[in-house]
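One file, structure-v9.csv, carrying CSV, C-alpha atoms:
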```csv
chain,number,residue,atom,x,y,z
A,1,MET,CA,-26.0,-37.5,-26.6
A,2,SER,CA,-22.1,-37.5,-26.2
A,3,LYS,CA,-20.5,-40.8,-25.3
A,4,SER,CA,-18.8,-40.9,-21.9
A,5,TYR,CA,-15.5,-42.5,-21.1
A,6,TYR,CA,-13.5,-43.6,-18.1
A,7,SER,CA,-10.1,-42.1,-18.3
A,8,LEU,CA,-7.0,-42.4,-16.0
A,9,GLY,CA,-4.6,-39.5,-15.8
A,10,LEU,CA,-1.1,-40.0,-14.6
A,11,MET,CA,0.9,-36.9,-13.7
A,12,SER,CA,4.4,-36.6,-12.3
A,13,GLY,CA,5.4,-32.9,-11.9
A,14,THR,CA,8.7,-31.0,-11.5
A,15,SER,CA,8.9,-32.0,-7.8
A,16,MET,CA,9.7,-35.5,-9.1
A,17,ASP,CA,8.5,-37.0,-5.8
A,18,GLY,CA,5.8,-39.4,-7.2
A,19,VAL,CA,2.8,-39.9,-9.4
A,20,ASP,CA,-0.7,-38.4,-9.0
A,21,ALA,CA,-3.3,-40.7,-10.5
A,22,SER,CA,-6.9,-39.8,-11.2
A,23,ILE,CA,-9.8,-41.6,-12.7
A,24,ILE,CA,-12.5,-39.4,-14.2
A,25,GLN,CA,-15.6,-39.9,-16.3
A,26,THR,CA,-16.0,-37.5,-19.2
A,27,ASP,CA,-17.2,-37.0,-22.7
A,28,GLY,CA,-14.1,-34.9,-23.4
A,29,LYS,CA,-16.3,-31.8,-23.8
A,30,SER,CA,-18.6,-30.5,-21.1
A,31,LYS,CA,-19.3,-33.5,-18.9
A,32,TYR,CA,-16.9,-34.4,-16.2
A,33,LYS,CA,-17.0,-36.4,-12.9
A,34,ALA,CA,-14.1,-37.1,-10.6
A,35,ILE,CA,-14.1,-40.8,-9.6
A,36,LEU,CA,-11.0,-41.7,-7.7
A,37,ASP,CA,-7.6,-40.0,-6.8
A,38,ASN,CA,-4.5,-41.6,-5.5
A,39,TYR,CA,-0.9,-40.6,-4.9
A,40,PHE,CA,2.0,-43.0,-5.4
A,41,GLU,CA,5.4,-41.9,-4.0
A,42,TYR,CA,8.5,-42.7,-6.0
A,43,PRO,CA,11.1,-44.9,-4.1
A,44,LYS,CA,14.2,-43.0,-3.0
A,45,ASN,CA,16.4,-44.4,-5.8
A,46,ILE,CA,14.0,-43.2,-8.6
A,47,PHE,CA,13.7,-39.8,-7.0
A,48,GLN,CA,17.5,-39.4,-6.8
A,49,ASN,CA,18.1,-40.7,-10.3
A,50,LEU,CA,15.5,-38.4,-11.8
A,51,THR,CA,16.7,-35.2,-10.0
A,52,THR,CA,20.3,-36.0,-10.8
A,53,LEU,CA,19.6,-36.6,-14.4
A,54,ARG,CA,17.5,-33.4,-14.7
A,55,ASP,CA,20.3,-31.4,-13.1
A,56,LYS,CA,22.8,-32.8,-15.7
A,57,ILE,CA,20.7,-31.8,-18.7
A,58,LYS,CA,21.3,-28.1,-19.1
A,59,ILE,CA,21.0,-27.8,-22.9
A,60,SER,CA,19.4,-29.8,-25.6
A,61,LYS,CA,22.7,-31.4,-26.6
A,62,ASP,CA,22.8,-33.0,-23.2
A,63,LEU,CA,19.8,-35.1,-24.1
A,64,LYS,CA,21.9,-37.1,-26.5
A,65,ARG,CA,24.9,-37.1,-24.2
A,66,PHE,CA,22.8,-38.7,-21.4
A,67,GLU,CA,20.5,-40.7,-23.6
A,68,LYS,CA,21.6,-44.1,-22.2
A,69,GLN,CA,21.0,-43.0,-18.7
A,70,ALA,CA,17.6,-41.4,-19.6
A,71,LYS,CA,16.5,-44.7,-21.3
A,72,SER,CA,17.3,-46.7,-18.2
A,73,ILE,CA,15.4,-44.4,-15.9
A,74,GLU,CA,12.6,-44.1,-18.4
A,75,LYS,CA,12.0,-47.9,-18.2
A,76,LYS,CA,12.0,-47.8,-14.4
A,77,ILE,CA,9.4,-45.0,-14.1
A,78,THR,CA,7.2,-46.6,-16.8
A,79,LEU,CA,7.2,-49.8,-14.8
A,80,PHE,CA,6.3,-47.7,-11.7
A,81,HIS,CA,3.5,-45.9,-13.6
A,82,ALA,CA,2.2,-49.3,-14.7
A,83,LYS,CA,2.0,-50.6,-11.2
A,84,ALA,CA,0.3,-47.4,-10.0
A,85,ALA,CA,-2.2,-47.6,-12.9
A,86,SER,CA,-3.0,-51.2,-12.1
A,87,LYS,CA,-3.6,-50.5,-8.4
A,88,ILE,CA,-6.0,-47.6,-8.9
A,89,ILE,CA,-7.9,-49.3,-11.7
A,90,GLU,CA,-8.3,-52.4,-9.5
A,91,LYS,CA,-9.4,-50.3,-6.6
A,92,SER,CA,-12.0,-48.5,-8.8
A,93,LYS,CA,-13.4,-51.7,-10.2
A,94,LEU,CA,-14.0,-49.8,-13.4
A,95,ASN,CA,-13.2,-50.7,-17.0
A,96,VAL,CA,-10.9,-47.7,-17.8
A,97,ASP,CA,-11.0,-46.8,-21.5
A,98,PHE,CA,-7.8,-44.7,-21.7
A,99,ILE,CA,-4.7,-43.7,-19.8
A,100,GLY,CA,-3.4,-40.1,-20.2
A,101,PHE,CA,0.3,-40.5,-19.5
A,102,HIS,CA,2.1,-37.2,-19.0
A,103,GLY,CA,5.5,-38.7,-18.2
A,104,GLN,CA,8.4,-37.0,-16.4
A,105,THR,CA,9.7,-33.8,-17.9
A,106,ILE,CA,13.5,-33.5,-17.9
A,107,PHE,CA,13.9,-30.8,-20.5
A,108,HIS,CA,11.7,-28.2,-22.1
A,109,ASN,CA,12.7,-25.5,-24.6
A,110,ASP,CA,10.0,-24.0,-26.7
A,111,GLU,CA,12.4,-22.0,-28.9
A,112,GLU,CA,14.1,-25.2,-30.0
A,113,ARG,CA,10.7,-27.0,-30.2
A,114,ILE,CA,11.9,-29.6,-27.7
A,115,SER,CA,10.0,-31.1,-24.8
A,116,ARG,CA,11.4,-34.4,-23.4
A,117,GLN,CA,9.2,-36.4,-21.1
A,118,LEU,CA,10.5,-39.7,-19.8
A,119,GLY,CA,7.8,-42.4,-20.2
A,120,ASP,CA,7.4,-45.2,-22.7
A,121,GLY,CA,3.8,-45.1,-23.9
A,122,LYS,CA,4.0,-48.3,-25.9
A,123,LEU,CA,5.4,-50.2,-22.9
A,124,LEU,CA,2.8,-48.8,-20.5
A,125,SER,CA,0.0,-49.9,-23.0
A,126,LYS,CA,1.5,-53.4,-23.2
A,127,LEU,CA,1.7,-53.7,-19.4
A,128,THR,CA,-1.7,-52.3,-18.5
A,129,LYS,CA,-3.5,-53.6,-21.6
A,130,LYS,CA,-5.1,-50.1,-22.0
A,131,THR,CA,-5.0,-47.5,-24.8
A,132,VAL,CA,-2.4,-44.9,-23.8
A,133,VAL,CA,-2.3,-41.3,-24.8
A,134,TYR,CA,1.1,-39.6,-24.3
A,135,ASN,CA,3.6,-37.1,-25.8
A,136,PHE,CA,1.0,-34.3,-25.3
A,137,ARG,CA,3.2,-31.3,-25.9
A,138,GLN,CA,5.0,-32.0,-29.2
A,139,ASN,CA,2.1,-31.1,-31.6
A,140,ASP,CA,1.7,-27.8,-29.9
A,141,LEU,CA,5.4,-27.1,-30.3
A,142,ASP,CA,5.3,-28.2,-34.0
A,143,ASN,CA,2.6,-25.6,-34.6
A,144,ARG,CA,4.7,-22.7,-33.1
A,145,GLY,CA,3.2,-23.0,-29.6
A,146,ARG,CA,5.1,-23.0,-26.3
A,147,GLY,CA,4.0,-26.5,-25.4
A,148,ALA,CA,2.6,-25.2,-22.0
A,149,PRO,CA,0.5,-24.7,-20.1
A,150,LEU,CA,-1.9,-27.4,-21.3
A,151,THR,CA,-4.4,-27.5,-18.3
A,152,PRO,CA,-6.3,-24.2,-19.1
A,153,ILE,CA,-9.1,-26.0,-21.1
A,154,PHE,CA,-9.7,-28.2,-18.0
A,155,HIS,CA,-9.6,-25.2,-15.7
A,156,LYS,CA,-12.3,-23.7,-17.8
A,157,LEU,CA,-14.4,-26.9,-17.4
A,158,LEU,CA,-13.9,-26.8,-13.6
A,159,VAL,CA,-15.0,-23.2,-13.4
A,160,LYS,CA,-18.1,-23.9,-15.5
A,161,LYS,CA,-19.1,-27.1,-13.7
A,162,ASN,CA,-18.7,-25.6,-10.3
A,163,LYS,CA,-20.4,-22.3,-11.3
A,164,ILE,CA,-17.5,-20.2,-10.1
A,165,SER,CA,-18.1,-16.5,-10.5
A,166,LEU,CA,-16.2,-14.7,-13.3
A,167,PRO,CA,-13.7,-13.2,-13.9
A,168,VAL,CA,-11.3,-15.6,-12.1
A,169,VAL,CA,-7.7,-16.6,-12.3
A,170,ILE,CA,-6.7,-20.2,-11.5
A,171,LEU,CA,-3.1,-19.9,-10.2
A,172,ASN,CA,-1.4,-23.3,-10.3
A,173,ILE,CA,1.7,-23.3,-8.1
A,174,GLY,CA,3.6,-26.5,-9.1
A,175,GLY,CA,7.4,-26.5,-9.7
A,176,ILE,CA,6.6,-23.9,-12.4
A,177,ALA,CA,3.7,-21.5,-11.7
A,178,ASN,CA,1.1,-20.9,-14.4
A,179,ALA,CA,-2.1,-19.0,-14.5
A,180,THR,CA,-5.4,-19.3,-16.4
A,181,TYR,CA,-7.7,-16.2,-16.7
A,182,ILE,CA,-11.3,-16.8,-17.5
A,183,GLY,CA,-13.3,-13.7,-18.3
A,184,VAL,CA,-17.0,-12.8,-17.9
A,185,GLU,CA,-17.7,-13.9,-21.5
A,186,ASN,CA,-15.8,-17.2,-21.0
A,187,THR,CA,-12.7,-15.7,-22.7
A,188,ILE,CA,-9.6,-17.6,-21.8
A,189,PHE,CA,-6.0,-16.6,-21.5
A,190,ALA,CA,-3.1,-18.5,-19.9
A,191,LYS,CA,0.7,-18.4,-19.5
A,192,ASP,CA,3.6,-19.6,-17.4
A,193,ILE,CA,4.3,-16.8,-15.0
A,194,GLY,CA,7.5,-17.8,-13.1
A,195,PRO,CA,9.0,-20.2,-10.6
A,196,GLY,CA,6.6,-22.0,-8.2
A,197,ASN,CA,8.1,-24.5,-5.8
A,198,CYS,CA,11.2,-25.4,-7.9
A,199,LEU,CA,13.8,-23.0,-6.4
A,200,ILE,CA,12.6,-23.6,-2.9
A,201,ASP,CA,12.5,-27.4,-3.3
A,202,LYS,CA,16.0,-27.4,-4.9
A,203,TRP,CA,17.4,-25.3,-2.1
A,204,ILE,CA,16.0,-27.6,0.5
A,205,ARG,CA,17.4,-30.7,-1.3
A,206,LEU,CA,20.8,-29.1,-1.6
A,207,LYS,CA,21.2,-27.6,1.9
A,208,SER,CA,19.1,-29.8,4.2
A,209,LYS,CA,21.1,-32.3,6.3
A,210,ASN,CA,18.1,-34.5,6.5
A,211,LYS,CA,17.8,-34.5,2.7
A,212,ASN,CA,14.3,-33.2,2.8
A,213,LYS,CA,12.5,-32.8,-0.5
A,214,TYR,CA,10.6,-29.6,0.2
A,215,ASP,CA,9.9,-27.0,2.9
A,216,LYS,CA,6.8,-28.4,4.6
A,217,ASN,CA,4.3,-25.6,5.3
A,218,GLY,CA,7.1,-23.1,4.7
A,219,ALA,CA,8.4,-23.8,8.2
A,220,THR,CA,12.1,-23.5,7.3
A,221,ALA,CA,11.6,-20.2,5.4
A,222,ARG,CA,9.5,-18.8,8.3
A,223,SER,CA,12.4,-19.3,10.7
A,224,GLY,CA,14.9,-17.6,8.4
A,225,LYS,CA,15.7,-13.9,7.6
A,226,ILE,CA,15.0,-12.5,4.2
A,227,ASN,CA,18.0,-10.9,2.4
A,228,ASN,CA,16.2,-8.0,0.8
A,229,LYS,CA,19.3,-6.8,-1.0
A,230,ALA,CA,19.8,-10.1,-2.7
A,231,VAL,CA,16.1,-10.2,-3.6
A,232,SER,CA,16.2,-6.7,-5.2
A,233,LYS,CA,19.2,-7.6,-7.3
A,234,ALA,CA,17.6,-10.9,-8.4
A,235,LEU,CA,14.3,-9.2,-9.3
A,236,ILE,CA,16.2,-6.8,-11.6
A,237,LYS,CA,17.6,-9.7,-13.5
A,238,TRP,CA,14.2,-11.5,-13.5
A,239,GLN,CA,12.5,-8.4,-15.0
A,240,GLU,CA,14.9,-8.5,-17.9
A,241,ILE,CA,13.9,-12.1,-18.6
A,242,ASP,CA,10.2,-11.4,-18.1
A,243,ASP,CA,10.2,-8.3,-20.3
A,244,VAL,CA,11.6,-10.0,-23.4
A,245,ASN,CA,10.3,-13.5,-23.0
A,246,TYR,CA,6.8,-14.9,-23.4
A,247,GLN,CA,7.6,-18.5,-22.9
A,248,ALA,CA,7.0,-21.8,-21.3
A,249,PHE,CA,9.5,-22.0,-18.5
A,250,ASP,CA,11.8,-24.9,-17.5
A,251,ILE,CA,13.5,-25.1,-14.1
A,252,LYS,CA,16.8,-24.3,-15.8
A,253,ASP,CA,15.5,-20.8,-16.7
A,254,PHE,CA,15.6,-19.7,-13.1
A,255,ASP,CA,18.8,-18.6,-11.3
A,256,MET,CA,19.3,-19.2,-7.6
A,257,SER,CA,22.9,-18.2,-7.3
A,258,PHE,CA,21.9,-15.1,-5.4
A,259,VAL,CA,21.3,-17.2,-2.2
A,260,LYS,CA,24.4,-19.5,-2.5
A,261,ALA,CA,26.2,-17.8,0.5
A,262,LEU,CA,23.1,-17.9,2.8
A,263,SER,CA,22.2,-20.4,5.5
A,264,LEU,CA,19.5,-23.0,4.9
A,265,LYS,CA,16.9,-21.0,6.7
A,266,ASP,CA,17.8,-17.6,5.3
A,267,GLY,CA,18.1,-19.0,1.8
A,268,ALA,CA,14.7,-20.6,2.1
A,269,ALA,CA,13.2,-17.3,3.4
A,270,THR,CA,14.9,-15.3,0.6
A,271,LEU,CA,13.8,-17.6,-2.2
A,272,THR,CA,10.2,-17.8,-0.9
A,273,ASN,CA,10.1,-14.0,-0.8
A,274,TYR,CA,11.6,-13.7,-4.3
A,275,THR,CA,9.0,-16.3,-5.6
A,276,SER,CA,6.1,-14.6,-3.9
A,277,ILE,CA,7.0,-11.2,-5.4
A,278,ILE,CA,7.2,-12.6,-8.9
A,279,LEU,CA,3.8,-14.4,-8.6
A,280,ALA,CA,2.1,-11.4,-7.0
A,281,ARG,CA,3.3,-9.1,-9.7
A,282,ALA,CA,2.2,-11.5,-12.4
A,283,LEU,CA,-1.3,-11.4,-11.1
A,284,TYR,CA,-1.3,-7.7,-11.9
A,285,PHE,CA,-1.1,-8.3,-15.6
A,286,SER,CA,-3.0,-6.3,-18.1
A,287,ALA,CA,-4.0,-9.3,-20.3
A,288,TRP,CA,-6.0,-10.7,-17.4
A,289,GLY,CA,-8.5,-7.9,-17.6
A,290,PRO,CA,-10.7,-7.0,-14.6
A,291,LEU,CA,-10.0,-9.4,-11.8
A,292,ASP,CA,-12.0,-10.2,-8.7
A,293,THR,CA,-10.8,-13.7,-7.6
A,294,VAL,CA,-7.7,-15.8,-7.6
A,295,ILE,CA,-8.1,-19.6,-6.8
A,296,ILE,CA,-4.8,-21.4,-6.0
A,297,THR,CA,-4.1,-25.0,-6.9
A,298,GLY,CA,-1.0,-27.2,-7.0
A,299,GLY,CA,1.5,-28.3,-4.3
A,300,GLY,CA,2.6,-24.7,-3.6
A,301,ARG,CA,-0.7,-23.9,-2.0
A,302,LYS,CA,0.4,-26.0,1.0
A,303,ASN,CA,3.3,-23.7,1.7
A,304,LYS,CA,1.5,-21.4,4.1
A,305,PHE,CA,4.5,-19.0,4.3
A,306,LEU,CA,4.5,-18.6,0.5
A,307,ILE,CA,0.8,-18.0,0.2
A,308,ASN,CA,0.9,-15.5,3.1
A,309,SER,CA,3.8,-13.8,1.3
A,310,ILE,CA,1.9,-13.5,-1.9
A,311,ASN,CA,-1.0,-11.9,-0.1
A,312,LYS,CA,1.3,-9.4,1.7
A,313,VAL,CA,2.9,-8.3,-1.5
A,314,ARG,CA,-0.4,-7.9,-3.1
A,315,ASN,CA,-1.7,-5.8,-0.3
A,316,ARG,CA,1.4,-3.7,-0.1
A,317,ILE,CA,1.8,-2.9,-3.8
A,318,TYR,CA,-1.7,-2.9,-5.2
A,319,GLU,CA,-4.8,-1.0,-4.1
A,320,GLU,CA,-7.5,-3.3,-5.6
A,321,LYS,CA,-9.0,-5.9,-3.2
A,322,ILE,CA,-8.8,-9.4,-4.8
A,323,ILE,CA,-10.0,-12.5,-3.1
A,324,ILE,CA,-7.1,-15.0,-3.0
A,325,LYS,CA,-7.9,-18.4,-1.6
A,326,LEU,CA,-7.0,-22.1,-1.9
A,327,ILE,CA,-9.3,-24.1,-4.2
A,328,GLU,CA,-10.5,-26.3,-1.3
A,329,GLU,CA,-11.5,-23.4,0.9
A,330,PHE,CA,-12.8,-20.9,-1.5
A,331,VAL,CA,-16.4,-19.9,-0.8
A,332,ASP,CA,-18.5,-17.9,-3.2
A,333,PHE,CA,-20.8,-15.9,-0.9
A,334,ASP,CA,-23.4,-18.4,0.4
A,335,LYS,CA,-22.5,-21.3,-1.8
A,336,PRO,CA,-20.7,-24.3,-0.4
A,337,ASP,CA,-17.1,-24.8,-1.1
A,338,TYR,CA,-16.2,-26.4,-4.4
A,339,GLY,CA,-15.0,-29.7,-3.0
A,340,ILE,CA,-12.1,-30.0,-5.4
A,341,ASN,CA,-8.8,-31.5,-4.3
A,342,GLY,CA,-6.1,-29.2,-5.4
A,343,ASP,CA,-3.5,-32.0,-5.4
A,344,PHE,CA,-5.1,-33.8,-8.3
A,345,ILE,CA,-6.1,-31.0,-10.7
A,346,GLU,CA,-3.3,-31.8,-13.2
A,347,SER,CA,-3.8,-35.6,-13.1
A,348,GLN,CA,-7.5,-35.1,-13.7
A,349,ALA,CA,-6.6,-32.7,-16.5
A,350,PHE,CA,-4.5,-35.2,-18.4
A,351,ALA,CA,-7.2,-37.8,-18.1
A,352,TYR,CA,-9.5,-35.2,-19.7
A,353,LEU,CA,-6.9,-34.3,-22.3
A,354,ALA,CA,-6.5,-37.9,-23.3
A,355,ILE,CA,-10.1,-38.1,-24.3
A,356,ARG,CA,-10.0,-34.8,-26.2
A,357,SER,CA,-6.9,-36.2,-28.0
A,358,TYR,CA,-8.7,-39.4,-28.9
A,359,LEU,CA,-11.7,-37.3,-30.2
A,360,ASN,CA,-9.3,-35.0,-32.1
A,361,LEU,CA,-10.5,-32.0,-30.1
A,362,PRO,CA,-8.1,-29.1,-29.4
A,363,ILE,CA,-6.2,-29.1,-26.1
A,364,SER,CA,-4.2,-26.0,-26.7
A,365,PHE,CA,-5.1,-22.6,-28.2
A,366,PRO,CA,-3.5,-19.4,-29.4
A,367,GLU,CA,-4.6,-17.7,-26.1
A,368,THR,CA,-3.1,-20.4,-23.9
A,369,THR,CA,0.2,-21.5,-25.5
A,370,GLY,CA,0.6,-19.1,-28.4
A,371,VAL,CA,0.0,-21.9,-30.9
A,372,CYS,CA,-0.9,-20.7,-34.4
A,373,LYS,CA,-4.3,-22.5,-34.4
A,374,PRO,CA,-6.3,-24.6,-31.9
A,375,CYS,CA,-4.5,-28.0,-31.8
A,376,SER,CA,-5.2,-31.4,-30.5
A,377,GLY,CA,-2.3,-33.4,-29.2
A,378,GLY,CA,-1.1,-36.6,-27.7
A,379,THR,CA,0.1,-39.8,-29.4
A,380,ILE,CA,-2.4,-42.6,-29.1
A,381,VAL,CA,-1.0,-46.2,-28.8
A,382,LYS,CA,-2.7,-49.5,-28.3
A,383,ASN,CA,0.0,-52.1,-27.8
A,384,PHE,CA,-1.7,-55.3,-26.7
```

Could you take the file, read its structure, and then write that structure out as structure tokens?
Amino acid sequence: MSKSYYSLGLMSGTSMDGVDASIIQTDGKSKYKAILDNYFEYPKNIFQNLTTLRDKIKISKDLKRFEKQAKSIEKKITLFHAKAASKIIEKSKLNVDFIGFHGQTIFHNDEERISRQLGDGKLLSKLTKKTVVYNFRQNDLDNRGRGAPLTPIFHKLLVKKNKISLPVVILNIGGIANATYIGVENTIFAKDIGPGNCLIDKWIRLKSKNKNKYDKNGATARSGKINNKAVSKALIKWQEIDDVNYQAFDIKDFDMSFVKALSLKDGAATLTNYTSIILARALYFSAWGPLDTVIITGGGRKNKFLINSINKVRNRIYEEKIIIKLIEEFVDFDKPDYGINGDFIESQAFAYLAIRSYLNLPISFPETTGVCKPCSGGTIVKNF
């Protein structure tokens, strides 16, 4: 019988607004139970420092140029993660075995084999007195992979555990959108498919007088007017990128200059429409194979205007009827809903990946990241 572990996953995504923390119990293979989830919002100064630094780093040489600034912020967010970890562990009253520490991505370029996540694993281990697993992407990159997405193996476990009918696509709309296809014979295929929330979030941050971080429920976009001419031109440029690249995306790969002359509301509407078309088209991808169901996770699922736009594009362009629902509301015929909180899929995933890394089990595969062979990943440190 496989040994089971308690693992804490800490995930801070491209929105850079805070840390999702999840404790799970798992054997790193087929057993998994969600124990406790919590969200810890970054203070305003950390959020501003992170977004400012990310916007400065446009090419890999900028990592060295802004290294001193990055180190300073890295210490602050590591201290924040340590406090978050201590709070959720204390609340759980469990003896957590491992912490899966994703860190905060500020640059990713798979062609250069570089993925920089801010987060000091050694310091986190020292502060929490726990074994920490971090730096999850580098081994994949070193083995000719794209370094992302890493969550598909966890998506596959969720589908199996909850007896979700196959074939299915798990569409994760974070800052970057990625999708995992699981076929009827448990075949798996995954890829980054385009922008998720990142362009909309950035636009709101730049143009909102109230300095909002995102478009809540898509309310700003809903009140604006879509500039269809700008969308059409931008999609032509996007198609050129999408046709020649099969990559893990970074926010810097996406251009939003086509909305620069628009008002806050019209720009939000135009960017949301642009994003929805890219995502809807990506679902009609031959590598997925036959497709019946799409289950949406990630923060983007809360943007009702975006989700409605994806559905409208699907219905307008494609004839096949595909069920597209949020992970919390999806119902498979007479079965109850899956009871999964879409806010914490990735934090739970990195708790799971930490155990797999410890057991030297693969976390990425040729079918998910393009890596040359199934690879484990994650640097393991015990610094106490």

Each residue of segment 129-163 of chain A with at least one atom at most 7 Å from segment 346-355 of chain A should appear once, together with its nearest atom pair and the corresponding distance in Å (one decimal); atoms considered: only C-alpha atoms; ordering: chain, then increasing residue number; output as JSON lines.
```
{"residue": "A:Val133", "atom": "CA", "partner": "A:Ala354", "partner_atom": "CA", "distance": 5.6}
{"residue": "A:Thr151", "atom": "CA", "partner": "A:Ala349", "partner_atom": "CA", "distance": 5.9}
{"residue": "A:Phe154", "atom": "CA", "partner": "A:Ala349", "partner_atom": "CA", "distance": 5.7}
```

So how many Å separate atom CA of Met256 of chain A and atom CA of Leu199 of chain A, to one decimal?
-> 6.8 Å

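Neighbours of Lys33 of chain A closer than or equal to 8 Å, with all atoms listed in the file counted and sequence neighbours fewer than 5 positions away skipped, come out as A:Ile24, A:Gln25, A:Thr26.
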
For segment 57-67 of chain A, please output as an MDAnalysis selection string all residues within 8 Å (counting all atoms listed in the file; exclusion window: fewer than 3 positions along the same chain).
-> chainID A and resid 53:54 70:71 106:107 114 252

Exercise: Leu271 of chain A partners within 12 Å, all atoms listed in the file, chain neighbours under 2 positions left out, as a PyMOL selection string | chain A and resi 195-204+215+218+220-222+224-228+230-232+234-235+254-260+262-269+273-278+305-306+309

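In this structure, atom CA of Gly342 of chain A sits 12.1 Å away from atom CA of Ser22 of chain A.
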
Exercise: segment 325-330 of chain A partners within 12 Å, all atoms listed in the file, chain neighbours under 6 positions left out, as a ChimeraX atom specification = /A:155,158-159,162,164-165,168-173,292-304,307-308,310-311,336-345

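Minimum distance to Ile176 of chain A across A:Tyr134, A:Phe365, A:Phe249, A:Tyr214 (counting all atoms listed in the file) occurs at A:Phe249.
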
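The closest residue to Phe101 of chain A, picked from A:Thr131, A:Asn139, A:Thr180, A:Ser223 and counting only C-alpha atoms, is A:Thr131.
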
Tell me, as a ChimeraX atom specification, which residues lie within 10 Å of Leu166 of chain A, counting all atoms listed in the file; anything in the same chain fewer than 5 positions away does not count.
-> /A:159-160,181-186,290-293

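Taking atom CA of Asp120 of chain A and atom CA of Thr78 of chain A as endpoints, the distance between them is 6.1 Å.
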
Restricting to all atoms listed in the file, whichever of A:Met16, A:Phe40, A:Glu90, A:Ala34 is closest to Thr52 of chain A is A:Met16

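Counting all atoms listed in the file, the residue from A:Gly9, A:Lys68, A:Gly28, A:Lys163 that sits nearest to Ile88 of chain A is A:Gly9.
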
Check which residues of segment 49-93 of chain A sit at most 12 Å from segment 121-128 of chain A using all atoms listed in the file, and return one row each with the closest pair of atoms and their distance in Å to one decimal, ordered by chain and rising number, as a tab-separated table.
```
residue	atom	partner	partner_atom	distance
A:Glu74	CA	A:Gly121	CA	10.4
A:Lys75	CA	A:Leu123	CA	8.4
A:Lys76	CA	A:Leu123	CA	11.0
A:Ile77	CA	A:Leu124	CA	9.9
A:Thr78	CA	A:Leu124	CA	6.2
A:Leu79	CA	A:Leu124	CA	7.3
A:Phe80	CA	A:Leu124	CA	9.5
A:His81	CA	A:Leu124	CA	7.5
A:Ala82	CA	A:Leu124	CA	5.9
A:Lys83	CA	A:Thr128	CA	8.4
A:Ala84	CA	A:Thr128	CA	10.0
A:Ala85	CA	A:Thr128	CA	7.3
A:Ser86	CA	A:Thr128	CA	6.6
A:Lys87	CA	A:Thr128	CA	10.4
A:Ile88	CA	A:Thr128	CA	11.5
A:Ile89	CA	A:Thr128	CA	9.7
A:Glu90	CA	A:Thr128	CA	11.2
```

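Among A:Ala282, A:Lys216, A:Asn360, A:Leu157, the residue with the shortest atom-to-atom distance to Ala179 of chain A, counting all atoms listed in the file, is A:Ala282.
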